Each structure stands twice: as structure tokens, then as C-alpha cells.
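**Student:** One file: upload-v9.cif (mmCIF, C-alpha atoms and all ligand atoms).
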data_target
#
loop_
_atom_site.label_atom_id
_atom_site.label_comp_id
_atom_site.auth_asym_id
_atom_site.auth_seq_id
_atom_site.Cartn_x
_atom_site.Cartn_y
_atom_site.Cartn_z
CA MET A 1 -130.37 40.47 58.49
CA VAL A 2 -130.40 38.48 61.72
CA TYR A 3 -133.75 36.86 62.43
CA ASP A 4 -135.19 36.53 65.94
CA LEU A 5 -136.09 32.86 65.65
CA ALA A 6 -135.53 30.01 63.21
CA ILE A 7 -137.68 26.86 63.28
CA LYS A 8 -135.61 24.26 61.47
CA ASN A 9 -136.06 20.76 60.09
CA GLY A 10 -139.84 20.72 60.25
CA LEU A 11 -142.58 19.81 57.80
CA VAL A 12 -144.31 23.14 57.21
CA TYR A 13 -148.05 23.08 56.45
CA ILE A 14 -148.62 25.29 53.41
CA LYS A 15 -151.86 25.24 51.39
CA GLY A 16 -152.81 21.71 52.39
CA ASP A 17 -149.34 20.24 51.85
CA PHE A 18 -146.29 19.59 53.94
CA VAL A 19 -143.08 21.22 52.76
CA LYS A 20 -139.61 20.58 54.12
CA ALA A 21 -138.47 24.08 54.99
CA ASP A 22 -137.23 26.36 57.75
CA VAL A 23 -139.38 29.19 59.08
CA TYR A 24 -137.76 32.48 60.11
CA VAL A 25 -139.41 34.99 62.42
CA LYS A 26 -138.69 38.70 62.79
CA GLU A 27 -140.55 41.08 65.11
CA GLY A 28 -143.44 38.71 65.67
CA LYS A 29 -144.09 38.03 61.99
CA ILE A 30 -143.12 35.22 59.67
CA ALA A 31 -140.31 36.78 57.63
CA ALA A 32 -139.02 33.92 55.48
CA ILE A 33 -139.80 30.30 54.61
CA THR A 34 -136.81 28.77 52.88
CA ARG A 35 -134.32 25.92 52.69
CA ASN A 36 -131.43 28.38 52.73
CA ASP A 37 -129.48 28.67 55.93
CA LEU A 38 -130.06 32.12 57.42
CA GLU A 39 -128.78 33.69 60.61
CA ALA A 40 -131.02 33.73 63.70
CA ARG A 41 -130.57 34.55 67.38
CA GLU A 42 -132.52 31.50 68.51
CA VAL A 43 -132.83 28.18 66.72
CA TYR A 44 -135.53 25.59 67.46
CA ASP A 45 -135.08 22.13 66.01
CA ALA A 46 -138.50 20.85 64.91
CA LYS A 47 -136.97 17.40 64.24
CA GLY A 48 -139.21 16.36 61.38
CA ASN A 49 -142.42 17.28 63.24
CA PHE A 50 -145.30 19.25 61.74
CA VAL A 51 -145.04 23.05 61.73
CA LEU A 52 -148.67 24.20 61.73
CA PRO A 53 -150.41 27.58 61.91
CA GLY A 54 -151.54 28.40 65.47
CA PHE A 55 -155.08 27.16 66.04
CA ILE A 56 -158.05 29.49 66.34
CA ASP A 57 -160.91 28.49 68.62
CA PRO A 58 -163.91 30.55 67.48
CA HIS A 59 -166.13 29.56 70.40
CA VAL A 60 -165.03 29.85 74.03
CA HIS A 61 -166.64 31.19 77.19
CA PHE A 62 -163.98 32.32 79.63
CA LYS A 63 -165.28 33.94 82.80
CA LEU A 64 -168.84 33.63 81.56
CA ARG A 65 -171.44 35.04 83.90
CA VAL A 66 -174.67 33.11 83.50
CA ALA A 67 -177.52 32.90 86.00
CA ASN A 68 -175.88 32.50 89.45
CA TRP A 69 -172.60 31.12 88.14
CA THR A 70 -169.36 32.21 86.56
CA SER A 71 -167.36 29.75 84.48
CA VAL A 72 -164.16 29.01 86.38
CA ASP A 73 -161.51 29.53 83.69
CA ASP A 74 -160.86 33.25 83.46
CA PHE A 75 -158.95 34.67 80.50
CA TYR A 76 -155.58 33.97 82.07
CA HIS A 77 -156.14 30.35 83.10
CA GLY A 78 -158.30 29.60 80.07
CA SER A 79 -155.71 30.97 77.69
CA VAL A 80 -152.88 29.03 79.38
CA SER A 81 -154.90 25.84 78.95
CA ALA A 82 -155.60 26.84 75.32
CA ALA A 83 -151.88 27.46 74.67
CA PHE A 84 -151.13 23.90 75.78
CA GLY A 85 -153.70 22.84 73.18
CA GLY A 86 -151.94 24.76 70.40
CA ILE A 87 -154.55 27.52 70.35
CA THR A 88 -153.05 30.96 69.75
CA THR A 89 -156.29 32.87 69.10
CA ILE A 90 -159.71 32.63 70.72
CA ILE A 91 -163.00 34.29 69.94
CA ASP A 92 -165.13 34.85 73.02
CA PHE A 93 -168.43 36.71 73.41
CA ILE A 94 -169.70 39.86 75.05
CA ASP A 95 -172.68 39.44 77.39
CA PRO A 96 -176.02 39.35 75.52
CA ALA A 97 -177.05 42.98 74.90
CA SER A 98 -180.56 44.25 74.27
CA SER A 99 -179.53 47.67 72.94
CA VAL A 100 -176.71 49.47 71.15
CA LYS A 101 -175.81 51.15 74.41
CA GLU A 102 -175.40 47.78 76.11
CA ILE A 103 -173.23 46.49 73.28
CA GLU A 104 -170.81 49.36 73.91
CA GLU A 105 -170.89 48.88 77.67
CA PHE A 106 -170.53 45.07 77.58
CA PHE A 107 -167.70 45.34 75.07
CA LYS A 108 -165.75 47.57 77.46
CA ASN A 109 -166.33 45.11 80.33
CA ARG A 110 -165.14 42.22 78.22
CA LEU A 111 -161.94 44.03 77.19
CA GLU A 112 -161.22 44.44 80.89
CA ASP A 113 -161.96 40.73 81.56
CA ALA A 114 -159.60 39.66 78.77
CA LYS A 115 -156.55 41.79 79.51
CA ASP A 116 -154.60 38.97 81.24
CA SER A 117 -154.93 36.58 78.29
CA VAL A 118 -151.66 35.03 77.14
CA ILE A 119 -153.02 34.58 73.58
CA ASP A 120 -154.73 36.94 71.15
CA TYR A 121 -158.49 37.31 71.37
CA ALA A 122 -161.49 38.66 69.53
CA PHE A 123 -165.13 38.92 70.53
CA HIS A 124 -168.43 38.16 68.93
CA SER A 125 -171.00 40.85 69.55
CA THR A 126 -173.95 39.17 71.28
CA ILE A 127 -177.56 40.28 71.27
CA ALA A 128 -180.64 39.41 73.29
CA ASN A 129 -183.88 40.37 71.57
CA PRO A 130 -182.62 43.92 70.89
CA LYS A 131 -184.93 46.91 70.64
CA ASP A 132 -182.69 48.96 68.32
CA PRO A 133 -182.80 48.41 64.53
CA ALA A 134 -180.58 45.66 63.08
CA GLU A 135 -178.61 48.20 61.04
CA GLU A 136 -177.66 50.16 64.17
CA VAL A 137 -176.63 46.99 65.98
CA ALA A 138 -174.46 45.92 63.03
CA LYS A 139 -172.86 49.36 62.68
CA VAL A 140 -171.90 49.62 66.34
CA SER A 141 -170.68 46.01 66.54
CA LYS A 142 -168.47 46.49 63.46
CA ALA A 143 -167.10 49.79 64.72
CA LEU A 144 -165.90 47.94 67.84
CA GLY A 145 -164.20 45.29 65.70
CA MET A 146 -166.92 42.69 66.21
CA ALA A 147 -168.06 41.94 62.67
CA SER A 148 -169.83 38.80 63.86
CA ILE A 149 -173.08 39.01 65.77
CA LYS A 150 -174.25 36.10 67.90
CA LEU A 151 -177.87 35.51 68.79
CA PHE A 152 -180.04 32.81 70.31
CA THR A 153 -183.25 31.48 68.78
CA THR A 154 -184.21 30.09 72.18
CA TYR A 155 -184.24 31.19 75.85
CA SER A 156 -187.34 33.36 75.42
CA ASN A 157 -187.98 32.62 79.13
CA THR A 158 -185.05 34.93 80.00
CA ASP A 159 -185.70 37.32 77.07
CA ARG A 160 -182.55 36.23 75.27
CA ARG A 161 -184.41 34.93 72.20
CA THR A 162 -184.04 37.00 69.04
CA TYR A 163 -187.06 36.51 66.78
CA ASP A 164 -187.18 35.54 63.09
CA ARG A 165 -188.25 38.96 61.84
CA TYR A 166 -185.09 40.44 63.33
CA ILE A 167 -182.88 37.58 62.11
CA ASP A 168 -184.28 38.16 58.63
CA ASP A 169 -183.17 41.81 58.86
CA LEU A 170 -179.69 40.80 59.96
CA LEU A 171 -179.30 38.18 57.22
CA THR A 172 -180.46 40.69 54.62
CA LEU A 173 -177.83 43.21 55.77
CA SER A 174 -174.99 40.76 56.46
CA ARG A 175 -173.39 40.45 53.04
CA ASN A 176 -173.63 44.11 52.05
CA MET A 177 -172.44 45.44 55.37
CA GLY A 178 -169.84 42.71 55.79
CA PHE A 179 -170.66 40.82 58.95
CA VAL A 180 -171.56 37.29 60.03
CA VAL A 181 -174.79 36.24 61.75
CA VAL A 182 -173.77 33.68 64.37
CA VAL A 183 -176.64 31.58 65.67
CA HIS A 184 -177.33 29.24 68.57
CA ALA A 185 -180.13 27.39 66.79
CA GLU A 186 -182.75 25.50 68.76
CA ASN A 187 -186.49 25.67 68.16
CA ASP A 188 -187.85 27.62 71.13
CA GLU A 189 -191.41 26.35 70.72
CA ILE A 190 -190.36 22.71 70.96
CA ILE A 191 -188.13 23.35 73.96
CA LYS A 192 -191.01 25.17 75.68
CA LYS A 193 -192.86 21.85 75.93
CA TYR A 194 -190.58 21.02 78.83
CA GLU A 195 -190.30 24.47 80.37
CA GLY A 196 -191.21 24.64 84.03
CA THR A 197 -190.82 20.89 84.50
CA LYS A 198 -188.01 19.43 86.55
CA ILE A 199 -185.57 17.61 84.30
CA LEU A 200 -182.89 15.24 85.53
CA PRO A 201 -179.57 15.10 83.68
CA LYS A 202 -180.48 11.67 82.26
CA ASP A 203 -183.46 13.30 80.48
CA HIS A 204 -181.55 16.35 79.23
CA SER A 205 -181.29 15.10 75.62
CA LYS A 206 -185.01 14.32 75.47
CA SER A 207 -185.89 17.79 76.74
CA ARG A 208 -183.87 19.46 73.96
CA PRO A 209 -184.44 16.92 71.19
CA THR A 210 -182.63 16.75 67.86
CA ILE A 211 -185.75 17.95 66.03
CA ALA A 212 -185.40 21.27 67.87
CA GLU A 213 -181.95 21.78 66.34
CA LEU A 214 -182.76 20.26 62.94
CA SER A 215 -185.94 22.25 62.29
CA GLU A 216 -184.35 25.55 63.37
CA VAL A 217 -181.14 25.07 61.35
CA VAL A 218 -183.01 24.08 58.17
CA LYS A 219 -185.28 27.11 58.46
CA LEU A 220 -182.38 29.51 59.05
CA ALA A 221 -180.38 28.00 56.19
CA GLN A 222 -183.35 28.59 53.90
CA MET A 223 -183.61 32.19 55.08
CA SER A 224 -179.90 32.76 54.54
CA VAL A 225 -179.98 31.34 51.00
CA TYR A 226 -183.00 33.50 50.17
CA ARG A 227 -181.33 36.65 51.50
CA ASP A 228 -177.84 35.71 50.26
CA GLY A 229 -176.73 36.05 53.87
CA GLN A 230 -173.65 35.06 55.85
CA LEU A 231 -174.97 32.59 58.41
CA TYR A 232 -172.82 30.64 60.87
CA ILE A 233 -174.42 27.95 63.03
CA VAL A 234 -172.57 27.21 66.26
CA HIS A 235 -172.23 23.83 67.97
CA VAL A 236 -174.10 21.48 65.64
CA SER A 237 -174.74 18.52 67.93
CA SER A 238 -176.29 15.85 65.74
CA GLY A 239 -175.18 14.04 62.58
CA ILE A 240 -178.80 14.22 61.47
CA THR A 241 -178.54 18.02 61.27
CA ALA A 242 -175.20 17.96 59.46
CA LYS A 243 -176.40 15.36 56.95
CA GLU A 244 -179.65 17.18 56.22
CA VAL A 245 -177.99 20.57 55.65
CA PHE A 246 -175.46 18.90 53.37
CA ARG A 247 -178.23 17.17 51.40
CA ARG A 248 -180.49 20.19 51.02
CA PHE A 249 -178.06 23.07 50.77
CA SER A 250 -174.86 21.66 49.29
CA ASP A 251 -174.69 24.56 46.78
CA ALA A 252 -174.95 27.17 49.52
CA LEU A 253 -172.77 25.46 52.07
CA PHE A 254 -169.65 27.58 52.69
CA GLU A 255 -171.32 30.49 50.78
CA ASN A 256 -174.43 31.28 52.79
CA ILE A 257 -174.18 28.70 55.56
CA ILE A 258 -171.34 27.50 57.69
CA LEU A 259 -171.62 24.77 60.30
CA GLU A 260 -169.42 24.55 63.37
CA SER A 261 -169.28 21.55 65.67
CA CYS A 262 -167.41 20.68 68.86
CA PRO A 263 -165.18 17.74 69.83
CA HIS A 264 -167.61 16.48 72.49
CA TYR A 265 -170.29 15.72 69.90
CA PHE A 266 -167.78 13.54 68.05
CA TRP A 267 -166.50 11.73 71.14
CA LEU A 268 -169.26 11.51 73.75
CA ASP A 269 -172.91 10.43 73.60
CA GLU A 270 -176.04 10.84 75.69
CA THR A 271 -175.38 7.74 77.82
CA PHE A 272 -172.81 9.90 79.66
CA PHE A 273 -175.74 11.83 81.20
CA GLU A 274 -177.04 8.57 82.69
CA ARG A 275 -173.84 7.87 84.58
CA GLN A 276 -173.50 8.40 88.32
CA ASP A 277 -171.41 11.48 87.53
CA GLY A 278 -173.68 12.51 84.62
CA LYS A 279 -173.98 16.08 85.93
CA LEU A 280 -170.33 16.70 85.13
CA PHE A 281 -171.06 16.25 81.43
CA LEU A 282 -174.05 18.57 81.23
CA MET A 283 -173.98 21.06 78.33
CA THR A 284 -176.40 22.59 75.82
CA PRO A 285 -177.15 21.47 73.17
CA PRO A 286 -177.00 18.03 74.74
CA LEU A 287 -175.01 15.00 73.69
CA ARG A 288 -176.90 12.80 71.24
CA SER A 289 -177.34 9.08 70.60
CA LEU A 290 -174.42 6.93 69.53
CA TYR A 291 -176.05 6.65 66.11
CA GLU A 292 -176.12 10.46 65.72
CA ARG A 293 -172.55 10.77 66.98
CA ASP A 294 -171.38 8.28 64.36
CA LEU A 295 -173.46 10.02 61.70
CA LEU A 296 -171.71 13.28 62.60
CA ARG A 297 -168.37 11.56 62.05
CA GLU A 298 -169.60 10.31 58.67
CA ASN A 299 -170.72 13.80 57.69
CA PHE A 300 -167.57 15.59 58.73
CA ASP A 301 -167.41 17.17 55.25
CA ALA A 302 -170.37 19.38 56.20
CA ILE A 303 -168.48 20.83 59.19
CA TYR A 304 -166.24 23.76 58.28
CA THR A 305 -164.88 24.80 61.68
CA ILE A 306 -164.31 23.29 65.10
CA GLY A 307 -164.94 25.31 68.25
CA THR A 308 -164.94 23.93 71.77
CA ASP A 309 -167.72 25.92 73.47
CA HIS A 310 -165.27 25.75 76.39
CA CYS A 311 -167.23 26.74 79.51
CA SER A 312 -165.81 24.93 82.49
CA PHE A 313 -167.01 24.56 86.06
CA THR A 314 -165.75 22.67 89.11
CA LYS A 315 -167.23 19.40 90.37
CA GLU A 316 -168.66 21.28 93.31
CA LEU A 317 -170.59 23.69 91.08
CA LYS A 318 -171.73 20.90 88.78
CA ASN A 319 -172.97 18.91 91.77
CA SER A 320 -174.74 21.85 93.41
CA GLY A 321 -178.21 20.92 92.13
CA GLU A 322 -180.37 17.95 91.11
CA TYR A 323 -182.19 19.22 88.03
CA THR A 324 -180.80 20.67 84.81
CA THR A 325 -181.94 24.21 85.65
CA GLU A 326 -180.01 24.02 88.93
CA ILE A 327 -176.73 22.91 87.36
CA PRO A 328 -174.43 25.20 85.37
CA GLN A 329 -174.17 24.03 81.76
CA GLY A 330 -170.90 23.59 79.94
CA ILE A 331 -167.66 21.62 79.90
CA GLY A 332 -163.99 22.41 79.31
CA GLY A 333 -161.97 21.26 76.36
CA VAL A 334 -159.66 23.89 74.80
CA GLU A 335 -156.58 21.89 75.67
CA PHE A 336 -157.54 18.71 73.84
CA SER A 337 -159.73 19.78 70.91
CA PHE A 338 -157.07 19.42 68.23
CA VAL A 339 -155.65 16.07 69.32
CA LEU A 340 -159.15 14.63 69.78
CA MET A 341 -160.14 15.62 66.26
CA TYR A 342 -156.77 14.68 64.77
CA THR A 343 -157.14 11.21 66.27
CA LEU A 344 -160.40 10.73 64.37
CA PHE A 345 -159.67 12.43 61.05
CA GLY A 346 -155.94 13.03 60.71
CA GLU A 347 -154.61 15.91 58.63
CA GLU A 348 -157.98 16.96 57.23
CA VAL A 349 -158.81 18.62 60.55
CA ILE A 350 -156.00 21.18 60.26
CA ASP A 351 -157.85 23.72 58.08
CA ARG A 352 -160.88 23.53 60.38
CA PHE A 353 -158.71 24.85 63.21
CA THR A 354 -156.76 27.38 61.17
CA GLU A 355 -157.39 28.87 57.73
CA ASN A 356 -161.13 28.10 57.59
CA VAL A 357 -161.73 29.85 60.91
CA ALA A 358 -159.52 32.80 59.95
CA ARG A 359 -161.39 33.28 56.66
CA VAL A 360 -164.85 32.93 58.14
CA TYR A 361 -164.14 35.41 60.94
CA GLY A 362 -162.06 38.08 59.24
CA LEU A 363 -158.66 37.11 60.66
CA TYR A 364 -157.05 35.93 57.42
CA PRO A 365 -154.16 36.24 56.47
CA LYS A 366 -152.91 37.72 59.76
CA LYS A 367 -153.91 34.47 61.42
CA GLY A 368 -154.56 30.89 60.26
CA VAL A 369 -151.65 30.38 57.86
CA VAL A 370 -147.89 30.00 57.86
CA GLU A 371 -147.07 32.62 55.23
CA VAL A 372 -144.57 35.43 54.94
CA GLY A 373 -146.19 38.49 56.54
CA SER A 374 -148.55 36.56 58.80
CA ASP A 375 -148.27 36.66 62.58
CA ALA A 376 -145.74 34.08 63.76
CA ASP A 377 -148.37 31.93 65.51
CA ILE A 378 -147.01 28.41 65.16
CA VAL A 379 -147.61 24.96 66.60
CA ILE A 380 -145.01 22.20 66.60
CA PHE A 381 -146.92 18.93 66.45
CA ASP A 382 -145.62 15.38 66.65
CA PRO A 383 -148.03 13.32 64.53
CA ARG A 384 -146.57 9.98 65.66
CA ALA A 385 -146.99 10.28 69.43
CA GLU A 386 -149.64 8.16 71.14
CA TRP A 387 -150.71 8.93 74.66
CA THR A 388 -153.63 8.96 77.10
CA ILE A 389 -155.29 12.22 78.20
CA LYS A 390 -154.86 12.87 81.89
CA ASP A 391 -153.60 16.13 83.38
CA HIS A 392 -154.77 19.53 82.22
CA HIS A 393 -154.21 23.21 82.99
CA SER A 394 -157.79 24.34 83.48
CA VAL A 395 -158.95 25.62 86.88
CA SER A 396 -161.63 22.92 86.80
CA ASP A 397 -160.91 19.84 88.89
CA TYR A 398 -162.04 17.26 86.34
CA ASN A 399 -161.64 16.55 82.67
CA VAL A 400 -164.35 14.84 80.60
CA TYR A 401 -161.74 13.49 78.19
CA GLU A 402 -159.56 11.83 80.82
CA GLY A 403 -158.59 8.31 79.82
CA ILE A 404 -159.09 8.74 76.06
CA LYS A 405 -156.17 7.47 73.98
CA VAL A 406 -155.15 10.01 71.37
CA LYS A 407 -152.77 10.32 68.45
CA GLY A 408 -150.43 13.26 68.01
CA LYS A 409 -148.97 15.62 70.57
CA ILE A 410 -148.51 19.37 70.73
CA LEU A 411 -144.88 19.96 71.66
CA SER A 412 -144.59 23.74 71.43
CA THR A 413 -146.83 26.73 70.85
CA ILE A 414 -145.57 30.09 69.58
CA SER A 415 -147.55 33.34 69.61
CA LYS A 416 -146.22 36.30 67.60
CA GLY A 417 -142.73 34.81 67.68
CA LYS A 418 -142.72 34.11 71.42
CA PHE A 419 -142.79 30.60 72.91
CA LEU A 420 -145.84 30.16 75.12
CA VAL A 421 -145.13 26.48 75.50
CA LYS A 422 -141.72 25.04 74.66
CA ASP A 423 -141.39 21.26 74.73
CA GLY A 424 -144.07 21.05 77.40
CA GLU A 425 -142.87 23.93 79.57
CA PHE A 426 -144.99 27.07 79.96
CA LEU A 427 -143.11 30.26 79.03
CA GLY A 428 -146.04 32.57 78.31
CA GLU A 429 -146.79 35.78 80.11
CA LYS A 430 -149.92 37.45 81.42
CA GLY A 431 -151.21 40.06 79.01
CA TRP A 432 -149.21 38.94 75.97
CA GLY A 433 -152.51 38.55 74.12
CA ARG A 434 -153.99 41.49 72.21
CA TYR A 435 -157.51 42.34 71.11
CA LEU A 436 -158.05 41.62 67.40
CA GLU A 437 -160.38 43.99 65.58
CA ARG A 438 -162.48 42.55 62.78
CA LYS A 439 -164.06 45.50 61.00
CA GLU A 440 -165.51 43.77 57.94
CA ILE A 441 -166.07 40.19 56.80
CA TYR A 442 -167.03 39.12 53.29
CA TRP A 443 -167.23 35.43 52.46
ZN ZN A 501 -171.39 28.67 73.49
#
Any chance you could put this one into C-alpha cells?

**Tutor:**
Amino acid sequence: MVYDLAIKNGLVYIKGDFVKADVYVKEGKIAAITRNDLEAREVYDAKGNFVLPGFIDPHVHFKLRVANWTSVDDFYHGSVSAAFGGITTIIDFIDPASSVKEIEEFFKNRLEDAKDSVIDYAFHSTIANPKDPAEEVAKVSKALGMASIKLFTTYSNTDRRTYDRYIDDLLTLSRNMGFVVVVHAENDEIIKKYEGTKILPKDHSKSRPTIAELSEVVKLAQMSVYRDGQLYIVHVSSGITAKEVFRRFSDALFENIILESCPHYFWLDETFFERQDGKLFLMTPPLRSLYERDLLRENFDAIYTIGTDHCSFTKELKNSGEYTTEIPQGIGGVEFSFVLMYTLFGEEVIDRFTENVARVYGLYPKKGVVEVGSDADIVIFDPRAEWTIKDHHSVSDYNVYEGIKVKGKILSTISKGKFLVKDGEFLGEKGWGRYLERKEIYW
């Protein structure tokens, strides 16, 4: 047999170890991992660099329509930027739906939005205080390949809040029906204290305080343990939350509760909001104190997956208002998430970008591992390189990580056997990405 592609002389990441081996690809799949010399049409010399599974970002917002704004990276530009960051799969969201009918409609719209993506994509179903029973919502979401259902515990002011009685129903159903309850957890009552007041960016953290996240996450974790549910908390922002969940629920962590966090909570802190250009950093949940940022680093063991919450805007849009309600929330980051986290934690971040995400979201073993039979989604990574973040491929005209010195460089990114990025050059094509159905998830 002649293989399509051979990746030679690399250190292949297999089950937490690095193995000297060559990887052979045939028809988009990994067909052999061996030290034997086999015949291939194309040979790539990995030169002793790491050969990693393609990264999966479980939390992005490309072309997100929210209030009067649309995030500026559409699925084409966002996915190109992601490919430069070694990401070969993203999970985005449908618009928040308040009925089964809307779930179906919004899913169709999102498929249309995503068709130019250069990397594979899945969606989380997303609900907003739905009127249909939880079982119906779960059934329809799963049938569309969205076996993860996202909800908000806040934003009651725009009727996006899903209430505890409904969350309890979802958690109760989640393990038997095989889906994940994905939650943006902030205590709505506490946040309401500040509703209707004008908040400057420098006061953003105070208006959505850590206690709002902490109290909501602890309550939901308790509910999930009680119902033996499958609960996934997105964008944990504070080390206080991570530490407390670890302390109280260590037995249930990774069984009933999974915590995700984002690179910005490990790298930035609330003093960024006080800067002259503080608006450019605005996102929700907000950045926290330096103490909480460091505590998050210390409690990295509690964090199972890393998502970026990539939701980028231009300077002009970010500067269009004075108060937090007048400024679109969100920052970019898909291109630098892995190197930022690798710089802090080294090799222990790899699973949090690959196998952990694939297992949690029903993509394993098609995605997340370098194994015979898996999709040939591969990243060639030089662990020795040191460089300073500067240019990026997002549509946005600024980069919150500019100037940060990082360790390790993504040299090439391969999706289903095709080079999207080869030694820094973009070779991907519009529409190469495919929708990934996730019909059932059991942790
Ligand atoms: Zn988000």
C-alpha cells in the first residue's frame, strides 16, 4: 500500500507519552504508527518536534449576533486563525432558543453560517428559558447531533435565564439520555444589584463579583451530584471557584462536574480594565484580581478543558460606547490559546486541548488522539521555540496578547490528512470543515 502522507522523525504523543515513530495517513485517517519505513506519496520531516493530536476548542463564538453587534470573525476567518493556533475542531453555539421549534430553526441557520469553515465544527444546542419540556429539548438537540445543551443562569433581563427547576430536570435526564448540561454560571440575583446602573469598564469586575460565580457553581455542582448528572461549567474565571469546587466535590469532579477555563483568566487580571484602552479587554465573566488569577494557576488540576470563548470585535466597535452595556463583550484568542497555556504548564496542558475535550463532548476517538483509525488531525509543535506574540489572522485589528513572550511554536496543522498550515504558510481551503454530529455522550 502507498500512503498519502508520512510524518517522519517526530515525537508522537500517545497516551501521555512521547514515542519516536512515524505516522502514516491514508484517506484522511491515521493508518499506521510505526518505526518501519513505508511508502508514501508525500513525506513531511517533523525533525524531532512534537506530533500532537489536533486541538479542539469547545467554546468559540464565530459570527455571534448579540444585541446590536456581530462578532467580527466569521467561520472562515475565525477558523483560519484557529488553524494557525493548531485547532482542528471547534464547538460553537446556536442562538439561544426558547422552544423546540427555534432549536431546529437556529440549527439550520448556524449550519449555513459555518459552511465556509476550514476546520471541522460542532454546535452546542443553546436554550433561553424554554417553554417546552426538558425531555423534548434534549431529544431534538440530540437528534440534530447536539448532545450538549448550553444555558445561562443569568440575563433574566433579556429572558435568556433558564431557572433552577428546569436545570434540575435537565440534570436528572442528562446521564440516562446521554447529553451534557453546559452552563454559564453567574448568580442572577447578585448581578441584578447593579442592573440599570451605568457601569464603567473599570468597575466591570465589581458589578459581576466572584461571589456571583462561586455561589452559582457550588449550587449547580451540588445539584449535579444529587442527580448524578453530567454538568459542564464554562469559563471559570476565578481561582476561588476552582479551589472551592476541588475542595468540596473532589469525588465528583470529572464524573458529575467538569470545569472549563480560558487562557485570559490565567494571563490577564482586572487591572487591564482600568487602563486607557480598558474597553478592548471587556468580556464576561470579567477578569479577576491578581490573587485570583494566581490561585487559578495553582488550582489547574481542577480544570479539565481549555476553551477560548473567542468572540472578537474591532477597536472601533469596542470603543463605540462608554458604559459596559454599550460595549460589545468578548475578546479573540483562538490563535494563541495553546502556546499561552503551554508556556505556563508545559506538557500537562495537551490533554486539556485534545483527549479530555473529545471525551467530554462525544468526539472521541474520531478526534483528540493520534491513533490508528482516528481522523488525521495533527499538529507539529516545536517545544523549544521562544518568541513574542505579535501578528495574528483574526479580522480584529488588535490582539490582547500582543507582546507576551511564549514558549513553543505551532509549525504545521493538518486536518483529515490535509495541510491547513505548513511551516507557517496557509494551505487550507474554504469549506474543508465538516459538521460533526454528536448523538450521545456518556461520561
Ligand atoms: Zn461564551

**Student:** By how many Å are atom CA of A:Tyr76 and atom CA of A:Asp116 apart?

**Tutor:** 5.2 Å

**Student:** Find the spatial neighbours of stretch 376-392 of chain A, counting only C-alpha atoms, within a cut-off of 6 Å - ignore same-chain residues fewer than 5 positions away - and output them as a PyMOL selection string.

**Tutor:** chain A and resi 28-30+49-54+86+402-417

**Student:** Given all atoms listed in the file as the basis, pick out the residue of A:Lys193, A:Arg161, A:His184, A:Lys219 nearest to A:Thr284.

**Tutor:** A:His184

**Student:** Between A:Leu420, A:Val118, A:Ala21, A:Ala83, which one has atoms that come closest to A:Gly433, using all atoms listed in the file?

**Tutor:**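 Of A:Leu420, A:Val118, A:Ala21, A:Ala83, the one nearest A:Gly433 is A:Val118, counting all atoms listed in the file.
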
**Student:** Within 8 Å of (-176.5, 15.8, 75.3) (file coordinates; only C-alpha atoms), which protein or nucleic acid residues are there? I'd like them as a count of residues only.

**Tutor:** 12

**Student:** Name the residues, by chain letter and number, that sit within 10 Å of ligand ZN 501 (chain A) using all atoms listed in the file, and give them as a PyMOL selection string.

**Tutor:** chain A and resi 58-61+64+92-93+150+183-184+234-235+283-285+307-311+329-330

**Student:** My list of candidates is A:Ser320, A:Thr34, A:Ser141, A:Ser117. Which is closest to A:Ile90 when distances are computed with only C-alpha atoms?

**Tutor:**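 That would be A:Ser117, the residue with the smallest distance to A:Ile90.
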
**Student:** From the options A:Glu425, A:Asp22, A:Asp375, A:Asp57, which residue's atoms come nearest to A:Leu38, counting all atoms listed in the file?

**Tutor:**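 Going through A:Glu425, A:Asp22, A:Asp375, A:Asp57 one by one, the smallest distance to A:Leu38 is for A:Asp22.
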
**Student:** Taking only C-alpha atoms into account, which of A:Val400, A:Val236, A:Ala212, A:Val349 comes nearest A:Gly278?

**Tutor:** A:Val400

**Student:** Please report, as CSV, each residue of stretch 278-358 of chain A lying at most 12 Å from stretch 434-443 of chain A, together with the nearest pair of atoms and the separation in Å rounded to one decimal; use all atoms listed in the file, and order rows by chain and ascending residue number.

**Tutor:**
residue,atom,partner,partner_atom,distance
A:Asn356,CA,A:Trp443,CA,10.8
A:Val357,CA,A:Trp443,CA,11.5
A:Ala358,CA,A:Ile441,CA,10.4

**Student:** Find, counting only C-alpha atoms, the residue in A:Phe254, A:Tyr364, A:Tyr163, A:Trp267 that gets nearest to A:Thr343.

**Tutor:** A:Trp267
